[in-house]
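Student: What follows is the file protein-v6.cif, containing mmCIF, C-alpha atoms:
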data_start
#
loop_
_atom_site.label_atom_id
_atom_site.label_comp_id
_atom_site.auth_asym_id
_atom_site.auth_seq_id
_atom_site.Cartn_x
_atom_site.Cartn_y
_atom_site.Cartn_z
CA MET Z 46 39.49 57.83 60.00
CA HIS Z 47 36.28 59.02 61.61
CA GLY Z 48 34.44 61.95 60.15
CA LEU Z 49 33.83 65.02 62.22
CA ALA Z 50 30.15 64.28 62.59
CA GLN Z 51 30.91 61.12 64.49
CA TYR Z 52 32.60 62.83 67.41
CA ARG Z 53 30.53 63.02 70.50
CA LEU Z 54 28.94 66.37 71.28
CA ASN Z 55 26.81 67.52 74.18
CA PRO Z 56 27.32 64.68 76.62
CA ALA Z 57 24.00 63.62 78.00
CA ASN Z 58 24.93 63.28 81.62
CA SER Z 59 27.46 66.01 82.25
CA MET Z 60 28.30 67.04 85.82
CA ASN Z 61 28.21 70.64 84.71
CA LYS Z 62 24.86 71.36 83.15
CA ASN Z 63 25.65 75.04 82.64
CA TRP Z 64 27.97 74.56 79.75
CA ASP Z 65 27.69 72.24 76.80
CA LEU Z 66 30.04 71.55 73.93
CA THR Z 67 28.79 73.33 70.84
CA ARG Z 68 29.95 72.55 67.35
CA GLU Z 69 31.88 75.85 67.23
CA SER Z 70 33.71 75.19 70.45
CA PHE Z 71 34.40 71.64 69.37
CA GLU Z 72 35.90 72.97 66.14
CA ALA Z 73 38.10 75.25 68.22
CA LEU Z 74 39.19 72.31 70.33
CA LEU Z 75 40.16 70.31 67.25
CA ALA Z 76 42.08 73.26 65.87
CA TRP Z 77 43.96 73.57 69.14
CA LEU Z 78 44.83 69.88 69.17
CA ASP Z 79 46.36 69.97 65.72
CA PRO Z 80 46.15 72.15 62.61
CA ASN Z 81 45.49 69.02 60.55
CA ARG Z 82 41.83 68.05 61.11
CA GLU Z 83 42.44 64.36 60.54
CA VAL Z 84 45.28 64.29 63.05
CA ALA Z 85 43.26 66.43 65.46
CA GLY Z 86 40.31 64.04 65.23
CA GLN Z 87 42.53 61.08 66.00
CA LYS Z 88 44.10 62.92 68.93
CA TYR Z 89 40.66 63.79 70.26
CA GLU Z 90 39.54 60.16 70.06
CA ASN Z 91 42.74 58.96 71.74
CA ILE Z 92 42.46 61.47 74.56
CA ARG Z 93 38.78 60.69 75.23
CA THR Z 94 39.29 56.91 75.15
CA ARG Z 95 42.26 57.10 77.46
CA LEU Z 96 40.57 59.49 79.87
CA ILE Z 97 37.72 56.99 80.14
CA LYS Z 98 40.23 54.27 80.89
CA ILE Z 99 41.99 56.38 83.51
CA PHE Z 100 38.73 57.20 85.28
CA ALA Z 101 37.76 53.53 85.16
CA CYS Z 102 41.14 52.54 86.60
CA ARG Z 103 40.50 54.98 89.44
CA GLY Z 104 37.30 53.12 90.26
CA CYS Z 105 34.94 55.83 88.98
CA TYR Z 106 31.53 54.45 88.18
CA GLU Z 107 30.78 56.87 85.31
CA PRO Z 108 34.07 57.14 83.43
CA GLU Z 109 32.55 58.27 80.14
CA ASP Z 110 30.66 61.14 81.73
CA LEU Z 111 33.77 62.26 83.58
CA ALA Z 112 35.85 62.14 80.40
CA ASP Z 113 33.26 64.27 78.61
CA GLU Z 114 33.14 66.69 81.50
CA THR Z 115 36.93 67.00 81.32
CA ILE Z 116 36.79 67.71 77.60
CA ASN Z 117 34.04 70.27 78.15
CA ARG Z 118 36.11 72.13 80.69
CA VAL Z 119 39.25 72.14 78.57
CA THR Z 120 37.23 73.45 75.64
CA ASN Z 121 35.72 76.13 77.83
CA LYS Z 122 39.22 77.24 78.86
CA LEU Z 123 40.58 77.37 75.33
CA GLU Z 124 40.29 81.12 74.87
CA GLU Z 125 42.40 81.66 77.98
CA ILE Z 126 45.12 79.14 77.25
CA GLU Z 127 45.49 78.68 73.50
CA ALA Z 128 47.72 81.72 72.98
CA THR Z 129 50.21 80.82 75.66
CA PHE Z 130 50.04 77.06 76.14
CA ILE Z 131 53.13 75.24 74.94
CA GLY Z 132 53.68 71.52 74.98
CA GLU Z 133 51.72 68.32 74.85
CA ARG Z 134 48.02 69.15 74.88
CA ALA Z 135 47.09 65.81 76.41
CA ARG Z 136 48.87 66.76 79.61
CA TYR Z 137 46.53 69.69 80.09
CA PHE Z 138 43.57 67.34 79.83
CA TYR Z 139 45.11 65.19 82.52
CA GLY Z 140 45.41 68.11 84.94
CA VAL Z 141 41.76 68.99 84.40
CA ALA Z 142 40.75 65.33 84.72
CA ASN Z 143 42.30 65.19 88.17
CA LYS Z 144 40.16 68.13 89.31
CA VAL Z 145 37.05 66.57 87.80
CA ARG Z 146 37.74 63.33 89.61
CA LEU Z 147 38.22 65.04 92.96
CA GLU Z 148 34.94 66.91 92.53
CA TYR Z 149 33.23 63.69 91.55
CA LEU Z 150 34.51 61.95 94.67
CA ARG Z 151 33.21 64.79 96.84
CA LYS Z 152 29.79 64.83 95.19
CA LYS Z 153 29.08 61.24 94.38
CA PRO Z 154 28.50 58.56 97.00
CA VAL Z 155 30.20 55.28 96.24
CA PRO Z 156 27.58 53.27 94.37
CA PRO Z 157 26.81 49.72 95.35
CA LEU Z 158 28.82 47.14 93.50
CA PRO Z 159 27.24 46.51 90.14
CA ILE Z 160 25.63 43.15 89.69
CA VAL Z 161 26.82 41.40 86.58
CA THR Z 162 23.66 40.17 84.95
CA ASN Z 163 23.92 37.63 82.22
CA THR Z 164 20.80 35.57 81.75
CA SER Z 165 21.01 32.41 79.73
CA GLU Z 166 19.25 34.21 76.87
CA GLU Z 167 21.79 37.04 76.95
CA ALA Z 168 24.67 34.60 77.16
CA GLU Z 169 23.31 32.66 74.22
CA LEU Z 170 22.85 35.82 72.17
CA ARG Z 171 26.37 36.93 73.00
CA TYR Z 172 27.69 33.53 71.97
CA GLN Z 173 25.83 33.66 68.67
CA CYS Z 174 27.23 37.14 68.02
CA LEU Z 175 30.72 35.90 68.81
CA ASP Z 176 30.26 32.99 66.44
CA ARG Z 177 29.12 35.37 63.71
CA CYS Z 178 32.00 37.81 64.35
CA ALA Z 179 34.61 35.05 64.45
CA GLY Z 180 33.30 33.96 61.06
CA LYS Z 181 34.24 37.36 59.69
CA LEU Z 182 37.88 36.97 60.71
CA THR Z 183 40.45 35.88 58.19
CA PRO Z 184 41.27 32.17 58.49
CA GLN Z 185 44.71 33.07 59.83
CA ASN Z 186 43.37 35.37 62.52
CA ARG Z 187 40.65 32.91 63.47
CA GLU Z 188 43.23 30.18 63.85
CA LEU Z 189 45.45 32.45 65.89
CA VAL Z 190 42.61 33.20 68.33
CA PHE Z 191 41.87 29.50 68.76
CA GLN Z 192 45.52 28.70 69.25
CA TYR Z 193 46.31 31.61 71.53
CA TYR Z 194 43.41 31.24 73.94
CA GLN Z 195 43.46 27.49 74.39
CA GLU Z 196 45.21 25.76 77.27
CA GLU Z 197 45.48 26.90 80.86
CA LYS Z 198 48.15 27.87 83.33
CA ARG Z 199 51.63 26.49 82.65
CA ALA Z 200 50.58 24.74 79.45
CA LYS Z 201 49.28 28.08 78.17
CA ILE Z 202 52.65 29.76 78.57
CA GLU Z 203 54.50 26.96 76.80
CA HIS Z 204 51.88 26.81 74.11
CA ARG Z 205 52.15 30.52 73.39
CA LYS Z 206 55.92 30.27 73.16
CA ASP Z 207 55.54 27.47 70.63
CA LEU Z 208 52.96 29.46 68.71
CA ALA Z 209 55.21 32.53 68.60
CA ASN Z 210 58.07 30.36 67.34
CA ARG Z 211 55.89 28.87 64.64
CA LEU Z 212 54.82 32.33 63.51
CA GLY Z 213 58.39 33.61 63.68
CA ILE Z 214 57.57 36.46 66.04
CA ALA Z 215 58.40 37.35 69.64
CA VAL Z 216 55.98 36.32 72.38
CA ASN Z 217 55.19 39.95 73.09
CA ALA Z 218 54.40 40.60 69.43
CA LEU Z 219 52.07 37.61 69.60
CA ARG Z 220 50.36 39.09 72.69
CA ILE Z 221 49.77 42.33 70.82
CA ARG Z 222 48.49 40.58 67.71
CA ALA Z 223 46.11 38.40 69.73
CA HIS Z 224 44.89 41.42 71.69
CA ARG Z 225 44.10 43.37 68.51
CA ILE Z 226 42.11 40.49 67.07
CA ARG Z 227 40.33 40.03 70.39
CA LYS Z 228 39.49 43.73 70.51
CA SER Z 229 38.08 43.64 66.99
CA LEU Z 230 35.98 40.65 68.01
CA GLN Z 231 34.75 42.42 71.13
CA ASP Z 232 33.82 45.54 69.17
CA CYS Z 233 31.99 43.40 66.62
CA VAL Z 234 30.10 41.54 69.37
CA ARG Z 235 29.11 44.83 71.01
CA GLU Z 236 27.68 46.12 67.73
CA CYS Z 237 25.93 42.81 67.11
CA LEU Z 238 24.31 42.93 70.57
CA GLU Z 239 23.23 46.54 70.04
CA GLU Z 240 21.62 45.61 66.73
CA ALA Z 241 19.91 42.60 68.28
CA THR Z 242 18.45 44.58 71.16
CA ALA Z 243 17.59 47.73 69.19
CA MET N 264 43.85 48.53 87.27
CA LEU N 265 43.54 47.20 90.80
CA GLY N 266 43.94 50.55 92.53
CA ILE N 267 47.02 49.42 94.42
CA LEU N 268 49.67 51.61 92.78
CA PRO N 269 51.09 54.37 95.02
CA GLN N 270 49.63 57.79 94.19
CA ASP N 271 52.78 59.31 92.69
CA GLN N 272 53.38 56.30 90.45
CA ALA N 273 49.73 56.22 89.43
CA VAL N 274 49.90 59.88 88.41
CA GLU N 275 53.07 59.35 86.39
CA LEU N 276 51.62 56.29 84.67
CA GLU N 277 48.28 57.94 83.90
CA GLU N 278 49.93 61.00 82.45
CA ARG N 279 52.01 58.79 80.17
CA LEU N 280 48.97 56.78 79.16
CA LEU N 281 47.52 59.89 77.55
CA ILE N 282 50.49 60.40 75.26
CA ASP N 283 52.05 56.96 74.87
CA GLY N 284 50.04 54.69 72.59
CA GLU N 285 52.20 51.64 73.21
CA LEU N 286 51.85 51.93 76.96
CA TYR N 287 48.09 52.32 76.58
CA GLU N 288 47.86 49.18 74.48
CA GLU N 289 49.97 47.37 77.04
CA LEU N 290 47.42 48.33 79.67
CA LEU N 291 44.59 46.94 77.53
CA ILE N 292 46.48 43.68 77.09
CA ALA N 293 47.08 43.47 80.82
CA GLU N 294 43.34 43.94 81.35
CA ASP N 295 42.62 41.03 79.00
CA GLU N 296 45.07 38.87 80.88
CA LEU N 297 43.71 39.90 84.26
CA VAL N 298 40.16 39.03 83.25
CA ASP N 299 41.28 35.71 81.77
CA GLN N 300 43.09 34.84 84.99
CA PHE N 301 40.05 35.81 87.00
CA LEU N 302 37.81 33.53 84.96
CA SER N 303 40.24 30.62 84.92
CA GLY N 304 40.48 30.50 88.70
CA GLU N 305 44.25 31.05 88.56
CA MET N 306 44.02 34.10 90.78
CA PRO N 307 44.72 34.10 94.54
CA ASP N 308 41.75 34.97 96.75
CA GLY N 309 43.08 38.39 97.82
CA GLU N 310 43.68 39.54 94.28
CA ARG N 311 40.35 38.09 93.21
CA GLU N 312 38.58 40.17 95.83
CA THR N 313 40.35 43.31 94.59
CA VAL N 314 39.25 42.57 91.04
CA GLU N 315 35.66 42.17 92.21
CA THR N 316 35.58 45.29 94.37
CA HIS N 317 37.69 47.65 92.24
CA PHE N 318 38.36 46.46 88.72
CA LEU N 319 34.82 45.35 87.91
CA ARG N 320 33.19 48.47 89.32
CA ALA N 321 33.24 50.25 85.98
CA PRO N 322 30.37 49.16 83.71
CA GLY N 323 32.64 48.66 80.71
CA ARG N 324 34.68 46.15 82.63
CA GLN N 325 31.63 43.97 83.29
CA GLU N 326 31.10 43.88 79.56
CA HIS N 327 34.73 42.89 79.25
CA LEU N 328 34.18 40.03 81.67
CA LEU N 329 31.09 38.75 79.87
CA PHE N 330 32.90 38.84 76.54
CA ALA N 331 35.91 36.99 77.99
CA ARG N 332 33.59 34.34 79.39
CA ALA N 333 31.96 33.87 76.00
CA LEU N 334 35.34 33.72 74.28
CA ARG N 335 36.55 31.00 76.65
CA LYS N 336 33.49 28.94 75.91
CA TYR N 337 33.77 29.55 72.19
CA VAL N 338 37.44 28.52 72.00
CA SER N 339 36.92 25.43 74.14
CA THR N 340 33.95 24.40 71.95
CA ASN N 341 35.33 25.23 68.53
CA GLY N 342 39.10 25.31 68.94
CA PRO N 343 41.52 22.69 67.67
CA GLN N 344 41.76 21.11 71.10
CA ALA N 345 38.03 20.44 71.06
CA VAL N 346 38.10 19.12 67.52
CA ASN N 347 41.19 16.92 67.98
CA ASN N 348 40.44 15.81 71.46
CA SER N 349 42.08 12.42 71.15
CA GLY N 350 42.94 10.41 74.24
CA ALA N 351 46.67 10.63 73.69
CA GLN N 352 46.58 14.37 73.22
CA GLN N 353 44.44 14.85 76.29
CA LYS N 354 46.85 12.75 78.29
CA THR N 355 49.74 14.98 77.24
CA VAL N 356 47.81 18.05 78.32
CA ASP N 357 46.92 16.44 81.63
CA GLU N 358 50.54 15.52 82.22
CA ARG N 359 51.65 19.05 81.55
CA ARG N 360 49.03 20.37 83.92
CA SER N 361 49.91 18.01 86.70
CA TRP N 362 53.66 18.36 87.05
CA LEU N 363 53.42 20.42 90.23
CA PRO N 364 51.17 17.97 92.08
CA ARG N 365 53.69 15.24 91.29
CA LEU N 366 56.38 17.33 92.94
CA PHE N 367 54.23 17.79 96.03
CA PRO N 368 52.10 14.64 96.19
CA ARG N 369 51.30 15.07 99.87
CA TYR N 370 50.32 18.71 99.55
CA PRO N 371 48.05 19.14 96.54
CA ALA N 372 46.75 22.47 97.85
CA LEU N 373 50.31 23.78 98.12
CA ALA N 374 51.04 22.56 94.61
CA PHE N 375 47.98 24.34 93.27
CA SER N 376 48.91 27.57 95.06
CA LEU N 377 52.47 27.41 93.78
CA GLY N 378 51.19 26.80 90.26
CA GLY N 379 48.96 29.84 90.47
CA ALA N 380 51.73 31.94 91.95
CA LEU N 381 54.11 30.81 89.20
CA VAL N 382 51.68 31.85 86.50
CA LEU N 383 51.21 35.23 88.15
CA ILE N 384 54.94 35.73 88.51
CA ILE N 385 55.56 34.88 84.86
CA VAL N 386 52.69 37.00 83.57
CA GLY N 387 53.67 39.82 85.94
CA GLY N 388 57.28 39.46 84.87
CA ILE N 389 56.37 39.81 81.20
CA TRP N 390 54.24 42.83 82.00
CA LEU N 391 56.94 44.43 84.11
CA ALA N 392 59.67 43.67 81.59
CA ASN N 393 57.66 45.30 78.86
CA ARG N 394 56.96 48.37 80.91
CA ILE N 395 60.56 48.68 81.92
CA SER N 396 61.63 48.16 78.34
CA ASN N 397 59.20 50.80 77.14
CA ARG N 398 59.83 53.36 79.81
CA LEU N 399 63.42 52.93 80.81
CA HIS N 400 65.02 52.03 77.52
CA GLU N 401 68.67 52.96 77.71
CA PRO N 402 70.28 53.86 74.39
CA GLN N 403 73.37 51.92 73.42
CA THR N 404 75.00 54.55 71.22
CA VAL N 405 74.72 58.19 72.19
CA TRP N 406 76.23 61.38 70.91
CA ALA N 407 76.73 64.38 73.18
CA ILE N 408 75.79 67.92 72.15
CA GLU N 409 76.31 70.93 74.41
CA LEU N 410 73.57 73.53 74.38
CA THR N 411 73.44 76.95 75.95
CA PRO N 412 70.23 78.78 76.79
CA GLY N 413 68.65 81.77 75.16
CA LEU N 414 70.58 82.00 71.90
CA GLN N 415 68.38 83.38 69.19
CA ARG N 416 68.58 82.54 65.53
CA ASP N 417 70.00 85.95 64.57
CA GLU N 418 72.86 85.64 67.01
CA GLY N 419 74.42 82.95 64.87
CA GLY N 420 75.11 80.74 67.84
CA ILE N 421 72.42 78.16 67.42
CA LYS N 422 73.80 74.65 67.62
CA SER N 423 73.32 72.77 64.37
CA PHE N 424 74.23 69.18 63.74
CA ALA N 425 73.39 66.18 61.59
CA ILE N 426 72.66 62.92 63.34
CA PRO N 427 74.82 60.06 62.08
CA ALA N 428 73.09 56.88 60.95
CA ASN N 429 72.76 53.99 63.42
CA LEU N 430 72.78 56.35 66.39
CA ASP N 431 70.38 55.39 69.17
CA ALA N 432 70.19 58.71 70.91
CA VAL N 433 71.52 62.22 71.14
CA ARG N 434 72.65 63.36 74.57
CA LEU N 435 71.88 67.02 74.99
CA GLN N 436 73.99 68.74 77.62
CA LEU N 437 72.09 71.75 78.94
CA ASP N 438 74.24 74.33 80.71
CA LEU N 439 72.31 75.46 83.76
CA PRO N 440 71.73 79.07 84.73
CA GLU N 441 72.16 80.26 88.32
CA GLY N 442 70.19 78.65 91.08
CA GLN N 443 69.64 75.16 92.32
CA TYR N 444 66.52 73.11 91.98
CA GLN N 445 65.57 69.74 93.35
CA SER N 446 65.04 68.41 89.87
CA TYR N 447 64.45 69.59 86.35
CA GLU N 448 61.91 68.97 83.60
CA ALA N 449 62.90 69.24 79.96
CA ILE N 450 60.48 69.34 77.04
CA VAL N 451 61.80 69.08 73.51
CA LEU N 452 59.57 71.12 71.20
CA ASP N 453 59.55 71.16 67.45
CA VAL N 454 59.33 74.30 65.32
CA ASP N 455 55.53 74.37 65.71
CA GLY N 456 55.76 74.16 69.48
CA ARG N 457 54.66 70.53 69.58
CA SER N 458 56.16 68.33 72.22
CA VAL N 459 58.55 65.75 70.84
CA THR N 460 59.45 64.25 74.18
CA THR N 461 59.44 65.16 77.85
CA ARG N 462 61.80 64.10 80.60
CA LYS N 463 61.05 64.67 84.25
CA ASN N 464 63.04 64.34 87.44
CA LEU N 465 66.36 65.17 85.78
CA LYS N 466 69.18 65.91 88.23
CA ALA N 467 71.91 68.51 87.93
CA GLN N 468 75.47 67.28 87.49
CA SER N 469 78.89 68.95 87.62
CA ALA N 470 81.04 69.16 84.50
CA ASN N 471 84.18 71.31 84.24
CA GLY N 472 83.01 73.51 87.06
CA HIS N 473 79.60 74.01 85.52
CA GLN N 474 76.24 72.68 86.52
CA ILE N 475 74.59 70.79 83.70
CA VAL N 476 71.59 68.58 83.01
CA LEU N 477 71.90 65.67 80.60
CA LEU N 478 68.97 64.82 78.41
CA ASP N 479 68.93 61.74 76.16
CA VAL N 480 66.61 61.99 73.17
CA GLU N 481 66.00 59.03 70.88
CA ALA N 482 67.57 59.81 67.52
CA ALA N 483 64.45 58.53 65.76
CA LEU N 484 62.46 61.39 67.27
CA LEU N 485 64.66 64.07 65.76
CA ALA N 486 63.89 64.56 62.09
CA PRO N 487 65.78 67.41 60.37
CA GLY N 488 64.38 70.73 61.56
CA ASP N 489 64.44 73.36 64.28
CA TYR N 490 63.90 72.42 67.90
CA ARG N 491 64.21 73.91 71.32
CA VAL N 492 64.41 72.40 74.76
CA LYS N 493 62.26 74.13 77.33
CA LEU N 494 63.84 73.62 80.71
CA SER N 495 62.02 74.10 84.01
CA GLY N 496 63.22 73.66 87.58
CA LEU N 497 61.18 72.09 90.35
CA SER N 498 61.45 74.36 93.36
CA ALA N 499 61.37 73.27 97.00
CA SER N 500 57.77 74.44 97.16
CA GLY N 501 56.88 72.00 94.40
CA SER N 502 56.26 74.55 91.66
CA LEU N 503 57.86 74.42 88.23
CA GLU N 504 59.81 77.52 87.25
CA SER N 505 60.76 78.15 83.67
CA LEU N 506 64.55 78.45 83.30
CA GLY N 507 64.98 79.06 79.63
CA SER N 508 64.99 77.71 76.17
CA TYR N 509 67.79 75.84 74.39
CA PRO N 510 67.46 76.03 70.61
CA PHE N 511 69.12 73.60 68.24
CA LYS N 512 68.80 72.51 64.66
CA VAL N 513 69.01 69.02 63.23
CA LEU N 514 70.48 69.03 59.74
CA LYS N 515 69.94 66.55 56.96
CA LYS N 516 72.52 63.77 56.85
#
Show me the file's structure as structure tokens.

Tutor:
Amino acid sequence: MHGLAQYRLNPANSMNKNWDLTRESFEALLAWLDPNREVAGQKYENIRTRLIKIFACRGCYEPEDLADETINRVTNKLEEIEATFIGERARYFYGVANKVRLEYLRKKPVPPLPIVTNTSEEAELRYQCLDRCAGKLTPQNRELVFQYYQEEKRAKIEHRKDLANRLGIAVNALRIRAHRIRKSLQDCVRECLEEATA
Amino acid sequence: MLGILPQDQAVELEERLLIDGELYEELLIAEDELVDQFLSGEMPDGERETVETHFLRAPGRQEHLLFARALRKYVSTNGPQAVNNSGAQQKTVDERRSWLPRLFPRYPALAFSLGGALVLIIVGGIWLANRISNRLHEPQTVWAIELTPGLQRDEGGIKSFAIPANLDAVRLQLDLPEGQYQSYEAIVLDVDGRSVTTRKNLKAQSANGHQIVLLDVEAALLAPGDYRVKLSGLSASGSLESLGSYPFKVLKK
């Protein structure tokens, strides 16, 4: 579980510069999300991560900023709503997120398509990081990644069925397991790249 | 992900993403699979263009793409197939890959397109089946409980019941007050006012001359304790109007 100090405060690039998330207001937000601070922290992280994903799915170029702006606005409204609001808190965030997105669309011109840059040096560094991170996996998980992501097209589907049978799990459970290992690898590679370029 | 979902469905899905961890993870898996298809060349041109113009617009997704590219290279270089790349094994793989061209020897392009379409259909089918399974799961064993609105604890009329073991769901029958609405929304709240589950677009039904709404709640969600169902009606103008509260108590088995 993350500690409180790790939660993001005062987003750097907020649409609304007139109001920033202070520690006190952030504490109030956590208290509103759940009386248990640990649970509240997890809920906060889930909501922020998913808001980012929703904005990204809507084609917004700055999903993290928009998610932070949404959280800012909800926090700013807390005094008005906390006494009377009943139900799933996350739904309130979603309503605010829709307004934020509409404002963003009115204000922001559509940016040019980003150019995916990946020089040979960057690609090599990424590969080295991946190699290092894969080395940290358990032998079982490392083997599963190799098995799951080999083959192409039709052979891939058959291969994954065989792999699921060998592991004694359903194909969908295998998909989830492979995804979780892949995500841990991706997070590890991101940290490795940040360290290398710091 | 591709921006092609109708607005109303997108809204419903996004709202659920915020509260449904399994659905969110399913979305992440679908993103992995989409990126892998994109890189493998299995994707039709139209869909490929949509990925380039919509999906990859977000900076995080470019990172996703670069990672997937590195992973492909890493697995092909270090995986068991690379290590045990014997001629016989390679032949088997080639044979498996080439069954469609053998079916359509005069039309290799058609065979390739059909192969790609088949992969998409299967992957899409798995994705759809999972979503349907997650979102539209129908309980096999249900138990009906009739609830009336507005009863307070001190009136002694609160419905109390224990949920038998091996029950999939409890069907709550909510007696409707006066007035007709296009549809109804029901939120089951626990004693602390936290949402246990929400059902939208419920329709009124007739039962013994009364108008009712039926609400199925997974038995696993109802631990012993006090609950209430908050019922709202969706008016013709599109606004939700609160219709009342239906308290009930789940007892220990």

Student: Can you tell me, as a PyMOL selection string, which residues sit within 7 Å of (72.3, 75.5, 69.7) in the file's frame, using only C-alpha atoms?

Tutor: chain N and resi 410-411+420-423+509-512

Student: Taking C-alpha atoms for each residue, export the selection above as a short mmCIF file (atom, residue, chain, number, x, y, z; two decimals), keeping the file's coordinate frame.

Tutor:
data_model
loop_
_atom_site.label_atom_id
_atom_site.label_comp_id
_atom_site.auth_asym_id
_atom_site.auth_seq_id
_atom_site.Cartn_x
_atom_site.Cartn_y
_atom_site.Cartn_z
CA LEU N 410 73.57 73.53 74.38
CA THR N 411 73.44 76.95 75.95
CA GLY N 420 75.11 80.74 67.84
CA ILE N 421 72.42 78.16 67.42
CA LYS N 422 73.80 74.65 67.62
CA SER N 423 73.32 72.77 64.37
CA TYR N 509 67.79 75.84 74.39
CA PRO N 510 67.46 76.03 70.61
CA PHE N 511 69.12 73.60 68.24
CA LYS N 512 68.80 72.51 64.66
#

Student: What would the selection look like, as a list of chain:residue names, if the PyMOL selection byres ((chain Z) within 6 of (chain N)) were run on the coordinates I just shared?

Tutor: Z:Arg95, Z:Ala101, Z:Cys102, Z:Gly104, Z:Tyr106, Z:Gly132, Z:Glu133, Z:Tyr172, Z:Phe191

Student: Counting all atoms listed in the file, which residues come within 12 Å of (58.4, 75.1, 90.3), with the point read in the file's coordinates, and could you list them as JSON, numbers by chain?

Tutor: {"N": [443, 444, 445, 446, 447, 448, 494, 495, 496, 497, 498, 499, 500, 501, 502, 503, 504, 505, 506]}

Student: Any chance you can output those residues with C-alpha atoms as a compact mmCIF listing (two decimals), in the coordinates of the input?

Tutor:
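As a result, selection-v8.txt now contains:
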# COMPACT_ATOMS: atom_id res chain seq x y z
CA GLN N 443 69.64 75.16 92.32
CA TYR N 444 66.52 73.11 91.98
CA GLN N 445 65.57 69.74 93.35
CA SER N 446 65.04 68.41 89.87
CA TYR N 447 64.45 69.59 86.35
CA GLU N 448 61.91 68.97 83.60
CA LEU N 494 63.84 73.62 80.71
CA SER N 495 62.02 74.10 84.01
CA GLY N 496 63.22 73.66 87.58
CA LEU N 497 61.18 72.09 90.35
CA SER N 498 61.45 74.36 93.36
CA ALA N 499 61.37 73.27 97.00
CA SER N 500 57.77 74.44 97.16
CA GLY N 501 56.88 72.00 94.40
CA SER N 502 56.26 74.55 91.66
CA LEU N 503 57.86 74.42 88.23
CA GLU N 504 59.81 77.52 87.25
CA SER N 505 60.76 78.15 83.67
CA LEU N 506 64.55 78.45 83.30

Student: Evaluating the PyMOL selection byres ((chain Z and resi 68-81) around 9) on the displayed file yields which residues, as a list in words?

Tutor: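 After applying the PyMOL selection byres ((chain Z and resi 68-81) around 9), what remains is Leu54, Leu66, Thr67, Arg82, Glu83, Val84, Ala85, Gly86, Lys88, Tyr89, Ile116, Asn117, Val119, Thr120, Asn121, Leu123, Glu127, Arg134 and Ala135 of chain Z.
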
Student: Measure the distance from CA of Tyr139 (chain Z) to CA of Leu96 (chain Z) in Å and round it to one decimal.

Tutor: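 Taking CA of Tyr139 (chain Z) and CA of Leu96 (chain Z), their separation equals 7.8 Å.
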
Student: What does the distance between CA of Arg222 (chain Z) and CA of Asn210 (chain Z) come to in Å, to one decimal place?

Tutor: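 Atom-to-atom, CA of Arg222 (chain Z) to CA of Asn210 (chain Z), that is 14.0 Å.
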
Student: Enter the distance from CA of Ile426 (chain N) to CA of Ala482 (chain N), in Å, rounded to one decimal.

Tutor: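 Calculated distance between CA of Ile426 (chain N) and CA of Ala482 (chain N) is 7.3 Å.
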
Student: Apply the PyMOL selection byres ((chain Z and resi 205) around 12) to the displayed file and report the matching residues as a PyMOL selection string.

Tutor: chain Z and resi 189-204+206-220+223

Student: Using all atoms listed in the file, which of the listed residues (Z:Ala243, Z:Ile221, Z:Val234, Z:Ala128) sits closest to Lys181 (chain Z)?

Tutor: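 Nearest to Lys181 (chain Z): Z:Val234.
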
Student: Would you mind listing what lies within 12 Å of Ala241 (chain Z) as an NGL selection string, with all atoms listed in the file counted and same-chain residues fewer than 3 positions away left out?

Tutor: :Z and (167 or 170-171 or 173-174 or 234-238)

Student: With distances taken over only C-alpha atoms, which of Z:Cys233, Z:Ile97, Z:Ile126, Z:Ile226 is nearest to Asp113 (chain Z)?

Tutor: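 When distances to Asp113 (chain Z) are compared using only C-alpha atoms, the smallest one comes from Z:Ile97.
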
Student: Which is closest to Arg177 (chain Z) among Z:Glu148, Z:Leu230, Z:Ile131, Z:Phe138, if we use only C-alpha atoms?

Tutor: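 Looking at the shortest contact to Arg177 (chain Z), the residue is Z:Leu230.
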